[in-house]
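**Student:** One file is attached below, structure_13.tsv, containing TSV, N, CA and C atoms.
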```tsv
chain	number	residue	atom	x	y	z
A	5	MET	N	0.84	-1.18	0.00
A	5	MET	CA	0.00	0.00	0.00
A	5	MET	C	0.88	1.24	0.00
A	6	SER	N	0.61	2.18	-0.89
A	6	SER	CA	1.40	3.40	-1.00
A	6	SER	C	1.02	4.40	0.08
A	7	VAL	N	1.98	5.19	0.47
A	7	VAL	CA	1.75	6.29	1.40
A	7	VAL	C	1.76	7.58	0.57
A	8	TRP	N	0.75	8.40	0.79
A	8	TRP	CA	0.62	9.65	0.05
A	8	TRP	C	0.67	10.83	1.00
A	9	LEU	N	1.23	11.92	0.53
A	9	LEU	CA	1.30	13.17	1.28
A	9	LEU	C	0.48	14.23	0.57
A	10	LEU	N	-0.32	14.96	1.33
A	10	LEU	CA	-1.05	16.10	0.79
A	10	LEU	C	-0.24	17.35	1.09
A	11	THR	N	0.12	18.08	0.05
A	11	THR	CA	0.92	19.28	0.24
A	11	THR	C	0.30	20.44	-0.52
A	12	ARG	N	0.60	21.63	-0.08
A	12	ARG	CA	0.15	22.82	-0.79
A	12	ARG	C	0.88	22.89	-2.12
A	13	ASP	N	0.14	23.15	-3.19
A	13	ASP	CA	0.74	23.24	-4.51
A	13	ASP	C	1.30	24.65	-4.71
A	14	ARG	N	2.59	24.76	-4.75
A	14	ARG	CA	3.24	26.05	-4.92
A	14	ARG	C	3.72	26.27	-6.35
A	15	THR	N	3.34	25.37	-7.26
A	15	THR	CA	3.80	25.51	-8.64
A	15	THR	C	2.90	26.42	-9.46
A	16	GLY	N	1.67	26.63	-9.03
A	16	GLY	CA	0.73	27.46	-9.77
A	16	GLY	C	0.51	28.79	-9.08
A	17	SER	N	-0.71	29.26	-9.16
A	17	SER	CA	-1.04	30.55	-8.56
A	17	SER	C	-1.19	30.40	-7.04
A	18	GLU	N	-1.14	31.52	-6.37
A	18	GLU	CA	-1.42	31.57	-4.94
A	18	GLU	C	-2.93	31.45	-4.74
A	19	ALA	N	-3.40	31.62	-3.53
A	19	ALA	CA	-4.83	31.55	-3.25
A	19	ALA	C	-5.59	32.60	-4.04
A	20	ILE	N	-6.84	32.28	-4.35
A	20	ILE	CA	-7.74	33.19	-5.07
A	20	ILE	C	-8.87	33.56	-4.11
A	21	PHE	N	-9.18	34.85	-4.03
A	21	PHE	CA	-10.17	35.37	-3.09
A	21	PHE	C	-11.39	35.91	-3.83
A	22	GLU	N	-12.56	35.72	-3.23
A	22	GLU	CA	-13.80	36.22	-3.81
A	22	GLU	C	-14.81	36.41	-2.69
A	23	VAL	N	-15.76	37.32	-2.88
A	23	VAL	CA	-16.84	37.55	-1.92
A	23	VAL	C	-18.15	37.48	-2.69
A	24	GLU	N	-19.15	36.84	-2.07
A	24	GLU	CA	-20.47	36.73	-2.68
A	24	GLU	C	-21.52	37.19	-1.68
A	25	CYS	N	-22.43	38.04	-2.13
A	25	CYS	CA	-23.54	38.51	-1.30
A	25	CYS	C	-24.52	37.35	-1.09
A	26	THR	N	-24.90	37.09	0.15
A	26	THR	CA	-25.83	35.99	0.42
A	26	THR	C	-27.29	36.41	0.23
A	27	SER	N	-27.53	37.70	-0.01
A	27	SER	CA	-28.90	38.16	-0.26
A	27	SER	C	-29.26	38.08	-1.75
A	28	CYS	N	-28.36	38.54	-2.61
A	28	CYS	CA	-28.68	38.61	-4.04
A	28	CYS	C	-27.72	37.81	-4.92
A	29	LEU	N	-26.71	37.21	-4.31
A	29	LEU	CA	-25.72	36.36	-4.99
A	29	LEU	C	-24.81	37.13	-5.95
A	30	ALA	N	-24.82	38.46	-5.89
A	30	ALA	CA	-23.83	39.23	-6.65
A	30	ALA	C	-22.46	38.94	-6.08
A	31	GLY	N	-21.43	39.02	-6.91
A	31	GLY	CA	-20.10	38.68	-6.44
A	31	GLY	C	-19.03	39.66	-6.90
A	32	SER	N	-17.94	39.63	-6.18
A	32	SER	CA	-16.83	40.53	-6.47
A	32	SER	C	-16.01	40.09	-7.66
A	33	GLY	N	-16.06	38.81	-7.98
A	33	GLY	CA	-15.15	38.26	-8.98
A	33	GLY	C	-13.86	37.87	-8.29
A	34	PRO	N	-13.08	37.00	-8.91
A	34	PRO	CA	-11.85	36.50	-8.28
A	34	PRO	C	-10.75	37.55	-8.27
A	35	ALA	N	-9.90	37.47	-7.24
A	35	ALA	CA	-8.77	38.38	-7.11
A	35	ALA	C	-7.60	37.64	-6.46
A	36	ASP	N	-6.40	38.17	-6.68
A	36	ASP	CA	-5.19	37.56	-6.12
A	36	ASP	C	-4.97	37.89	-4.66
A	37	ASP	N	-5.70	38.90	-4.13
A	37	ASP	CA	-5.61	39.22	-2.71
A	37	ASP	C	-7.00	39.54	-2.20
A	38	ASP	N	-7.14	39.71	-0.90
A	38	ASP	CA	-8.44	39.91	-0.27
A	38	ASP	C	-8.91	41.36	-0.33
A	39	ASP	N	-8.04	42.29	-0.71
A	39	ASP	CA	-8.38	43.71	-0.67
A	39	ASP	C	-9.52	44.07	-1.62
A	40	GLY	N	-9.43	43.66	-2.87
A	40	GLY	CA	-10.46	44.00	-3.86
A	40	GLY	C	-11.82	43.46	-3.48
A	41	PRO	N	-11.95	42.19	-3.14
A	41	PRO	CA	-13.24	41.67	-2.72
A	41	PRO	C	-13.79	42.36	-1.45
A	42	ALA	N	-12.92	42.70	-0.52
A	42	ALA	CA	-13.37	43.38	0.70
A	42	ALA	C	-13.94	44.76	0.37
A	43	VAL	N	-13.26	45.50	-0.50
A	43	VAL	CA	-13.76	46.82	-0.91
A	43	VAL	C	-15.07	46.68	-1.65
A	44	TRP	N	-15.16	45.67	-2.52
A	44	TRP	CA	-16.41	45.43	-3.25
A	44	TRP	C	-17.56	45.20	-2.27
A	45	ALA	N	-17.34	44.35	-1.25
A	45	ALA	CA	-18.39	44.03	-0.28
A	45	ALA	C	-18.83	45.28	0.48
A	46	LEU	N	-17.89	46.12	0.88
A	46	LEU	CA	-18.26	47.36	1.58
A	46	LEU	C	-19.08	48.28	0.68
A	47	ARG	N	-18.68	48.40	-0.56
A	47	ARG	CA	-19.41	49.24	-1.52
A	47	ARG	C	-20.82	48.66	-1.77
A	48	HIS	N	-20.90	47.35	-1.94
A	48	HIS	CA	-22.19	46.70	-2.18
A	48	HIS	C	-23.11	46.86	-0.96
A	49	ALA	N	-22.57	46.71	0.23
A	49	ALA	CA	-23.36	46.89	1.45
A	49	ALA	C	-23.89	48.31	1.56
A	50	ARG	N	-23.05	49.28	1.24
A	50	ARG	CA	-23.46	50.68	1.31
A	50	ARG	C	-24.58	50.96	0.31
A	51	GLN	N	-24.49	50.38	-0.89
A	51	GLN	CA	-25.49	50.64	-1.94
A	51	GLN	C	-26.80	49.88	-1.73
A	52	THR	N	-26.73	48.68	-1.16
A	52	THR	CA	-27.91	47.81	-1.10
A	52	THR	C	-28.44	47.55	0.31
A	53	HIS	N	-27.64	47.86	1.32
A	53	HIS	CA	-27.92	47.53	2.71
A	53	HIS	C	-27.95	46.02	2.96
A	54	HIS	N	-27.37	45.24	2.06
A	54	HIS	CA	-27.21	43.79	2.29
A	54	HIS	C	-26.06	43.61	3.27
A	55	THR	N	-26.24	42.71	4.23
A	55	THR	CA	-25.25	42.59	5.30
A	55	THR	C	-24.55	41.24	5.39
A	56	GLY	N	-24.99	40.25	4.61
A	56	GLY	CA	-24.38	38.92	4.68
A	56	GLY	C	-23.54	38.62	3.45
A	57	TYR	N	-22.34	38.13	3.70
A	57	TYR	CA	-21.40	37.84	2.59
A	57	TYR	C	-20.70	36.52	2.84
A	58	ARG	N	-20.43	35.82	1.77
A	58	ARG	CA	-19.69	34.56	1.83
A	58	ARG	C	-18.30	34.83	1.27
A	59	ARG	N	-17.28	34.56	2.08
A	59	ARG	CA	-15.89	34.67	1.60
A	59	ARG	C	-15.51	33.33	0.99
A	60	ILE	N	-14.98	33.37	-0.20
A	60	ILE	CA	-14.55	32.15	-0.89
A	60	ILE	C	-13.06	32.26	-1.13
A	61	VAL	N	-12.30	31.35	-0.55
A	61	VAL	CA	-10.86	31.32	-0.75
A	61	VAL	C	-10.52	29.97	-1.37
A	62	THR	N	-9.92	30.01	-2.53
A	62	THR	CA	-9.54	28.79	-3.23
A	62	THR	C	-8.03	28.70	-3.25
A	63	ASP	N	-7.52	27.60	-2.72
A	63	ASP	CA	-6.10	27.33	-2.87
A	63	ASP	C	-5.94	25.92	-3.42
A	64	PHE	N	-4.76	25.52	-3.67
A	64	PHE	CA	-4.51	24.29	-4.42
A	64	PHE	C	-3.60	23.36	-3.64
A	65	GLN	N	-3.82	22.08	-3.82
A	65	GLN	CA	-2.96	21.09	-3.17
A	65	GLN	C	-2.51	20.06	-4.19
A	66	ARG	N	-1.49	19.36	-3.82
A	66	ARG	CA	-0.93	18.31	-4.68
A	66	ARG	C	-0.73	17.07	-3.81
A	67	GLU	N	-1.05	15.92	-4.36
A	67	GLU	CA	-0.83	14.66	-3.67
A	67	GLU	C	0.45	14.03	-4.23
A	68	LEU	N	1.34	13.68	-3.34
A	68	LEU	CA	2.62	13.11	-3.76
A	68	LEU	C	2.83	11.77	-3.09
A	69	ALA	N	3.29	10.80	-3.86
A	69	ALA	CA	3.61	9.50	-3.29
A	69	ALA	C	4.88	9.63	-2.43
A	70	ALA	N	4.82	9.15	-1.21
A	70	ALA	CA	5.94	9.27	-0.28
A	70	ALA	C	6.96	8.17	-0.47
A	71	ASP	N	6.60	7.11	-1.15
A	71	ASP	CA	7.56	6.02	-1.30
A	71	ASP	C	8.06	5.88	-2.72
```
Can you turn what I pasted into structure tokens?
**Tutor:**
Amino acid sequence: MSVWLLTRDRTGSEAIFEVECTSCLAGSGPADDDDGPAVWALRHARQTHHTGYRRIVTDFQRELAAD
């Protein structure tokens, strides 16, 4: 039986950040850092008075055989 290791995949992009409004499902779109989605959420809240948001952070992993 093989032994496998789960590791963070550092060969591709870094984490991708996005925010989605839980009231109307509008979203910030993906970004390389959390700043853009955070600003989008504040602007959206100010314009719509929607207060619930889902933060979506996508990162990547790689499975490697240890033996």
**Student:** Using only C-alpha atoms, which residues sit within 12 Å of segment 59-67 of chain A once same-chain residues fewer than 3 positions away are excluded, as a VMD selection string?
**Tutor:** chain A and resid 6 to 26 29 31 to 39 41 to 42 44 to 45 56 70
**Student:** Quick one: distance from atom CA of Val43 of chain A to atom CA of Tyr57 of chain A in Å, one decimal?
**Tutor:**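 So the answer is 12.3 Å.
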**Student:** Output as a list in words all residues of chain A that backbone DSSP marks as helix (DSSP H, G or I).
**Tutor:** Asp39, Gly40, Pro41, Ala42, Val43, Trp44, Ala45, Leu46, Arg47, His48, Ala49, Arg50, Gln51 and Thr52 of chain A
**Student:** Return as lines of an AutoDock Vina configuration file the centre and edge lengths, in Å with one decimal, of the box along x, y and z that encloses every atom of segment 63-70 of chain A in the file, padded by 4 Å per side.
**Tutor:**
```
center_x = -0.3
center_y = 17.9
center_z = -2.5
size_x = 22.5
size_y = 27.4
size_z = 12.4
```
**Student:** Have a look at atom C of Thr55 of chain A and atom C of Ala30 of chain A and let me know their distance in Å, one decimal.
**Tutor:**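 Value for the atom C of Thr55 of chain A-atom C of Ala30 of chain A distance: 11.9 Å.
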**Student:** Please report the interatomic distance between atom C of Met5 of chain A and atom C of Leu68 of chain A in Å with one decimal.
**Tutor:**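 The value is 11.1 Å.
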**Student:** Quick one: segment 20-66 of chain A from the block, C-alpha atoms, as a CSV table (one decimal), in the first residue's frame.
**Tutor:**
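Final output, saved to part12.csv:
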```csv
chain,number,residue,atom,x,y,z
A,20,ILE,CA,-7.7,33.2,-5.1
A,21,PHE,CA,-10.2,35.4,-3.1
A,22,GLU,CA,-13.8,36.2,-3.8
A,23,VAL,CA,-16.8,37.5,-1.9
A,24,GLU,CA,-20.5,36.7,-2.7
A,25,CYS,CA,-23.5,38.5,-1.3
A,26,THR,CA,-25.8,36.0,0.4
A,27,SER,CA,-28.9,38.2,-0.3
A,28,CYS,CA,-28.7,38.6,-4.0
A,29,LEU,CA,-25.7,36.4,-5.0
A,30,ALA,CA,-23.8,39.2,-6.7
A,31,GLY,CA,-20.1,38.7,-6.4
A,32,SER,CA,-16.8,40.5,-6.5
A,33,GLY,CA,-15.2,38.3,-9.0
A,34,PRO,CA,-11.9,36.5,-8.3
A,35,ALA,CA,-8.8,38.4,-7.1
A,36,ASP,CA,-5.2,37.6,-6.1
A,37,ASP,CA,-5.6,39.2,-2.7
A,38,ASP,CA,-8.4,39.9,-0.3
A,39,ASP,CA,-8.4,43.7,-0.7
A,40,GLY,CA,-10.5,44.0,-3.9
A,41,PRO,CA,-13.2,41.7,-2.7
A,42,ALA,CA,-13.4,43.4,0.7
A,43,VAL,CA,-13.8,46.8,-0.9
A,44,TRP,CA,-16.4,45.4,-3.3
A,45,ALA,CA,-18.4,44.0,-0.3
A,46,LEU,CA,-18.3,47.4,1.6
A,47,ARG,CA,-19.4,49.2,-1.5
A,48,HIS,CA,-22.2,46.7,-2.2
A,49,ALA,CA,-23.4,46.9,1.4
A,50,ARG,CA,-23.5,50.7,1.3
A,51,GLN,CA,-25.5,50.6,-1.9
A,52,THR,CA,-27.9,47.8,-1.1
A,53,HIS,CA,-27.9,47.5,2.7
A,54,HIS,CA,-27.2,43.8,2.3
A,55,THR,CA,-25.2,42.6,5.3
A,56,GLY,CA,-24.4,38.9,4.7
A,57,TYR,CA,-21.4,37.8,2.6
A,58,ARG,CA,-19.7,34.6,1.8
A,59,ARG,CA,-15.9,34.7,1.6
A,60,ILE,CA,-14.6,32.1,-0.9
A,61,VAL,CA,-10.9,31.3,-0.7
A,62,THR,CA,-9.5,28.8,-3.2
A,63,ASP,CA,-6.1,27.3,-2.9
A,64,PHE,CA,-4.5,24.3,-4.4
A,65,GLN,CA,-3.0,21.1,-3.2
A,66,ARG,CA,-0.9,18.3,-4.7
```
